[in-house]
Each structure stands twice: as structure tokens, then as C-alpha cells.
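Here is the file my_file-v1.cif (mmCIF, C-alpha atoms).
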data_query
loop_
_atom_site.group_PDB
_atom_site.id
_atom_site.type_symbol
_atom_site.label_atom_id
_atom_site.label_comp_id
_atom_site.auth_asym_id
_atom_site.auth_seq_id
_atom_site.Cartn_x
_atom_site.Cartn_y
_atom_site.Cartn_z
ATOM 1 C CA MET A 1 -24.340 58.424 6.570
ATOM 2 C CA VAL A 2 -25.600 59.098 3.173
ATOM 3 C CA GLU A 3 -29.229 58.483 2.763
ATOM 4 C CA ARG A 4 -30.428 57.144 -0.485
ATOM 5 C CA SER A 5 -33.738 57.306 -2.015
ATOM 6 C CA GLN A 6 -35.851 54.325 -2.729
ATOM 7 C CA LYS A 7 -35.332 54.799 -6.431
ATOM 8 C CA GLU A 8 -31.535 54.740 -6.123
ATOM 9 C CA VAL A 9 -31.654 51.618 -4.023
ATOM 10 C CA TRP A 10 -33.781 49.877 -6.612
ATOM 11 C CA ARG A 11 -31.340 50.901 -9.328
ATOM 12 C CA MET A 12 -28.373 49.440 -7.407
ATOM 13 C CA THR A 13 -30.134 46.247 -6.435
ATOM 14 C CA PRO A 14 -29.389 44.290 -9.654
ATOM 15 C CA TRP A 15 -25.734 45.254 -9.457
ATOM 16 C CA LEU A 16 -25.546 44.303 -5.849
ATOM 17 C CA ALA A 17 -27.184 40.952 -6.649
ATOM 18 C CA VAL A 18 -24.655 40.298 -9.409
ATOM 19 C CA VAL A 19 -21.734 41.135 -7.095
ATOM 20 C CA LEU A 20 -23.123 38.901 -4.350
ATOM 21 C CA CYS A 21 -23.626 36.060 -6.835
ATOM 22 C CA LEU A 22 -20.053 36.432 -8.073
ATOM 23 C CA VAL A 23 -18.681 36.428 -4.524
ATOM 24 C CA ASN A 24 -20.770 33.350 -3.744
ATOM 25 C CA PHE A 25 -19.536 31.703 -6.973
ATOM 26 C CA VAL A 26 -15.924 32.448 -6.109
ATOM 27 C CA LEU A 27 -16.309 31.107 -2.577
ATOM 28 C CA MET A 28 -17.963 27.962 -3.867
ATOM 29 C CA ALA A 29 -15.302 27.526 -6.544
ATOM 30 C CA PHE A 30 -12.586 28.033 -3.980
ATOM 31 C CA ASP A 31 -13.977 25.261 -1.857
ATOM 32 C CA ALA A 32 -15.024 23.033 -4.764
ATOM 33 C CA ARG A 33 -12.758 20.169 -5.809
ATOM 34 C CA GLU A 34 -12.542 18.182 -8.985
ATOM 35 C CA ILE A 35 -13.781 14.650 -8.655
ATOM 36 C CA ASN A 36 -10.945 12.841 -10.524
ATOM 37 C CA SER A 37 -7.831 14.694 -9.324
ATOM 38 C CA GLY A 38 -9.027 16.160 -6.042
ATOM 39 C CA GLN A 39 -7.551 19.566 -6.917
ATOM 40 C CA ARG A 40 -9.480 22.706 -6.166
ATOM 41 C CA VAL A 41 -11.375 24.081 -9.135
ATOM 42 C CA ILE A 42 -10.141 27.629 -8.494
ATOM 43 C CA ARG A 43 -6.598 26.398 -8.815
ATOM 44 C CA ILE A 44 -7.343 24.689 -12.156
ATOM 45 C CA TRP A 45 -8.992 27.885 -13.442
ATOM 46 C CA THR A 46 -6.075 30.003 -12.287
ATOM 47 C CA GLN A 47 -3.616 27.669 -13.997
ATOM 48 C CA THR A 48 -5.650 27.823 -17.202
ATOM 49 C CA VAL A 49 -5.621 31.641 -17.199
ATOM 50 C CA ALA A 50 -1.923 31.713 -16.289
ATOM 51 C CA ASP A 51 -1.152 29.244 -19.082
ATOM 52 C CA PHE A 52 -2.998 31.457 -21.537
ATOM 53 C CA VAL A 53 -0.680 34.350 -20.592
ATOM 54 C CA GLN A 54 2.466 32.351 -19.862
ATOM 55 C CA SER A 55 2.606 30.328 -23.083
ATOM 56 C CA PRO A 56 3.035 33.270 -25.521
ATOM 57 C CA VAL A 57 5.458 34.996 -23.157
ATOM 58 C CA ALA A 58 7.569 31.833 -22.846
ATOM 59 C CA THR A 59 7.551 31.356 -26.622
ATOM 60 C CA LEU A 60 8.607 34.961 -27.196
ATOM 61 C CA THR A 61 11.415 34.861 -24.603
ATOM 62 C CA ALA A 62 12.667 31.518 -25.937
ATOM 63 C CA SER A 63 12.852 32.852 -29.489
ATOM 64 C CA VAL A 64 14.678 36.016 -28.353
ATOM 65 C CA SER A 65 17.088 33.884 -26.325
ATOM 66 C CA ASP A 66 17.646 31.553 -29.297
ATOM 67 C CA TYR A 67 18.298 34.571 -31.532
ATOM 68 C CA PHE A 68 21.060 35.903 -29.301
ATOM 69 C CA SER A 69 22.580 32.477 -28.720
ATOM 70 C CA SER A 70 22.668 31.882 -32.485
ATOM 71 C CA ILE A 71 24.526 35.193 -32.898
ATOM 72 C CA ALA A 72 27.071 34.019 -30.315
ATOM 73 C CA GLU A 73 27.397 30.659 -32.087
ATOM 74 C CA LEU A 74 27.871 32.453 -35.402
ATOM 75 C CA ARG A 75 30.742 34.471 -33.927
ATOM 76 C CA SER A 76 32.404 31.328 -32.597
ATOM 77 C CA ALA A 77 31.881 29.686 -36.003
ATOM 78 C CA GLN A 78 33.675 32.627 -37.643
ATOM 79 C CA ASP A 79 36.608 32.225 -35.258
ATOM 80 C CA GLU A 80 36.711 28.492 -35.922
ATOM 81 C CA ASN A 81 36.534 29.151 -39.664
ATOM 82 C CA GLN A 82 39.525 31.504 -39.489
ATOM 83 C CA ALA A 83 41.510 28.937 -37.512
ATOM 84 C CA LEU A 84 40.636 26.236 -40.047
ATOM 85 C CA ILE A 85 41.607 28.471 -42.981
ATOM 86 C CA GLN A 86 44.988 29.069 -41.370
ATOM 87 C CA ARG A 87 45.396 25.346 -40.724
ATOM 88 C CA VAL A 88 44.535 24.564 -44.369
ATOM 89 C CA GLN A 89 47.180 27.033 -45.540
ATOM 90 C CA GLU A 90 49.755 25.425 -43.253
ATOM 91 C CA LEU A 91 48.819 21.981 -44.550
ATOM 92 C CA GLU A 92 49.060 23.178 -48.171
ATOM 93 C CA VAL A 93 52.595 24.419 -47.518
ATOM 94 C CA GLU A 94 53.456 21.126 -45.845
ATOM 95 C CA LEU A 95 51.913 19.184 -48.729
ATOM 96 C CA LYS A 96 53.898 21.185 -51.275
ATOM 97 C CA GLY A 97 57.108 20.410 -49.354
ATOM 98 C CA LYS A 98 56.217 16.728 -49.249
ATOM 99 C CA GLN A 99 55.475 16.711 -52.966
ATOM 100 C CA GLN A 100 58.881 18.234 -53.634
ATOM 101 C CA LEU A 101 60.488 15.615 -51.405
ATOM 102 C CA ALA A 102 58.548 12.890 -53.202
ATOM 103 C CA SER A 103 59.681 14.113 -56.625
ATOM 104 C CA GLU A 104 63.279 14.310 -55.409
ATOM 105 C CA ASN A 105 62.915 10.848 -53.925
ATOM 106 C CA GLU A 106 61.585 9.557 -57.241
ATOM 107 C CA ARG A 107 64.473 11.206 -59.100
ATOM 108 C CA LEU A 108 66.977 9.606 -56.732
ATOM 109 C CA ARG A 109 65.255 6.240 -57.080
ATOM 110 C CA THR A 110 65.595 6.425 -60.837
ATOM 111 C CA LEU A 111 69.267 7.185 -60.397
ATOM 112 C CA LEU A 112 69.626 4.194 -58.106
ATOM 113 C CA GLY A 113 67.684 2.082 -60.561
ATOM 114 C CA PHE A 114 70.204 3.019 -63.223
ATOM 115 C CA LYS A 115 73.000 1.996 -60.899
ATOM 116 C CA GLU A 116 71.390 -1.347 -60.061
ATOM 117 C CA SER A 117 70.700 -2.240 -63.682
ATOM 118 C CA SER A 118 74.138 -1.209 -64.914
ATOM 119 C CA THR A 119 77.030 -3.677 -65.067
ATOM 120 C CA ILE A 120 79.455 -0.813 -64.647
ATOM 121 C CA LYS A 121 80.324 0.210 -61.127
ATOM 122 C CA VAL A 122 78.954 3.712 -60.566
ATOM 123 C CA LEU A 123 80.504 5.961 -57.961
ATOM 124 C CA PRO A 124 78.775 9.291 -57.461
ATOM 125 C CA ALA A 125 81.168 12.165 -56.834
ATOM 126 C CA ARG A 126 81.176 15.961 -56.783
ATOM 127 C CA ILE A 127 83.513 18.154 -58.772
ATOM 128 C CA ILE A 128 85.427 20.275 -56.295
ATOM 129 C CA GLY A 129 87.917 21.886 -58.698
ATOM 130 C CA ARG A 130 88.825 22.348 -62.377
ATOM 131 C CA ASP A 131 92.056 22.733 -64.312
ATOM 132 C CA PRO A 132 92.273 26.409 -65.349
ATOM 133 C CA SER A 133 94.288 25.754 -68.505
ATOM 134 C CA VAL A 134 92.620 25.809 -71.891
ATOM 135 C CA TRP A 135 94.559 22.787 -73.115
ATOM 136 C CA PHE A 136 93.412 20.265 -70.507
ATOM 137 C CA GLN A 137 89.835 19.848 -69.474
ATOM 138 C CA SER A 138 90.308 17.929 -66.272
ATOM 139 C CA SER A 139 88.411 18.119 -63.001
ATOM 140 C CA ILE A 140 89.157 17.363 -59.379
ATOM 141 C CA LEU A 141 86.601 15.135 -57.609
ATOM 142 C CA ASN A 142 85.839 14.631 -53.961
ATOM 143 C CA ARG A 143 86.633 10.907 -54.375
ATOM 144 C CA GLY A 144 90.068 9.353 -54.482
ATOM 145 C CA SER A 145 92.037 6.120 -54.686
ATOM 146 C CA MET A 146 90.629 4.948 -51.364
ATOM 147 C CA ASP A 147 87.165 5.057 -52.977
ATOM 148 C CA GLY A 148 88.299 3.012 -55.984
ATOM 149 C CA VAL A 149 89.090 5.870 -58.405
ATOM 150 C CA LYS A 150 92.194 5.351 -60.558
ATOM 151 C CA LEU A 151 94.314 7.689 -62.648
ATOM 152 C CA ASN A 152 92.901 8.380 -66.162
ATOM 153 C CA MET A 153 89.641 6.613 -65.296
ATOM 154 C CA PRO A 154 86.728 7.781 -67.545
ATOM 155 C CA VAL A 155 84.224 10.076 -65.888
ATOM 156 C CA GLY A 156 80.695 10.672 -67.123
ATOM 157 C CA ARG A 157 79.013 13.986 -66.432
ATOM 158 C CA ARG A 158 75.396 14.786 -66.245
ATOM 159 C CA ARG A 159 74.223 18.352 -66.563
ATOM 160 C CA HIS A 160 70.671 19.538 -66.284
ATOM 161 C CA ARG A 161 69.123 21.427 -69.218
ATOM 162 C CA ARG A 162 72.192 20.972 -71.417
ATOM 163 C CA PRO A 163 73.078 18.231 -73.856
ATOM 164 C CA PRO A 164 75.405 15.595 -72.375
ATOM 165 C CA ARG A 165 79.071 15.964 -73.159
ATOM 166 C CA ASN A 166 81.595 13.288 -73.995
ATOM 167 C CA ASP A 167 83.325 11.364 -71.273
ATOM 168 C CA ARG A 168 86.434 12.969 -69.898
ATOM 169 C CA THR A 169 89.484 11.567 -68.281
ATOM 170 C CA LEU A 170 90.216 12.244 -64.685
ATOM 171 C CA ARG A 171 93.601 13.489 -63.658
ATOM 172 C CA LYS A 172 94.336 12.699 -60.060
ATOM 173 C CA ALA A 173 96.337 15.394 -58.400
#
Whole structure given in C-alpha cells:
Amino acid sequence: MVERSQKEVWRMTPWLAVVLCLVNFVLMAFDAREINSGQRVIRIWTQTVADFVQSPVATLTASVSDYFSSIAELRSAQDENQALIQRVQELEVELKGKQQLASENERLRTLLGFKESSTIKVLPARIIGRDPSVWFQSSILNRGSMDGVKLNMPVGRRRHRRPPRNDRTLRKA
């Protein structure tokens, strides 16, 4: 064994006393219990120190996790945005078609309104042929005597973007 001088022993004595006091303190704290909760004091101290370390670490990890989850949510929002843009374009096309149908419907309603307010019987017909001669300006319609059309009956024509012409007589072939 190493022999120490009296002077060295006296120099180590305060340190040894401090270490022994700390060991005694720890042993007493380990066995000591809090009066209200009955938990050991050493456990409460350990939890306090652990909370001091754990709280900033938990806050940091939560914010990093939230950052990456917000990036993932942003990507899904971009995908959803693209899908919604495409859907809006489809709906605009559909709306334009419906507006065209509505205007055609309104045009046809005005034509029917003319028919209902007129005392003259109106029979819509299509021109399916024309007389090629220069002398006679007659047309062939897709309606006949079974529909109520008679020979030399006056026919009114309506042309778009041109001034209306005079009535013409129908020659039934």
C-alpha cells in the first residue's frame, strides 16, 4: 500500500468529509419521502432534473416534426389545388354549354311565343330543294299535303343576318 504523510492526509480530509456528507445526503434523500404525496424525494428531484432536460428536447422535436408534416400537407394541398383547377375548367366548359342551350331555348321560346300569339297557323318546315330555273323562285319543303300544306300556299322565310324577303308561293311537286 501507498503510505501517505500526515500532511497529505490532512489535505484530503476536507474533501473526504464533503464526499461522505454527499453520500450521506443521497442515502437520506433516497429514503426520505414527501409528507403530502408519499413519494420519495430522490424521485421528485430526478423528475425535476429530467423535466429540465426533457422539456426543451420535446419542444424542439415537436417543432421539427410539425415542420415536416406541414411540408407534407403543403404537397397534398398542391395536388388538391391542381385537381380543383381542373374541375373548375370542366365546370366552365359545362356552364358555357348550358348557357348556349339556354340562349337557344330562349330563342325557341320566342319563336313559340310568336306562334301562340299569331292567328295564322304556323307550320315550321325545312327547305329540301329549290327550282333551278331563273324564272321561277320556288322551293321544295319537307312538309306536304298530309301536314296541311296546299298548292300555291304563301310561305314566309326567315334568314339570319339578311333583310327579310317577300313571301313566296310554294309549288308542290
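One finds atom CA of Pro132 of chain A at 18.1 Å from atom CA of Asn152 of chain A.
Here atom CA of Arg75 of chain A and atom CA of Glu92 of chain A stand 25.8 Å from one another.
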- Note on the structure: One decimal place gives the atom CA of Lys121 of chain A-atom CA of Val149 of chain A separation as 10.8 Å
- Shell of 12 Å around segment 41-48 of chain A, only C-alpha atoms, local chain residues under 4 positions omitted, as a PyMOL selection string: chain A and resi 25-37+52-55
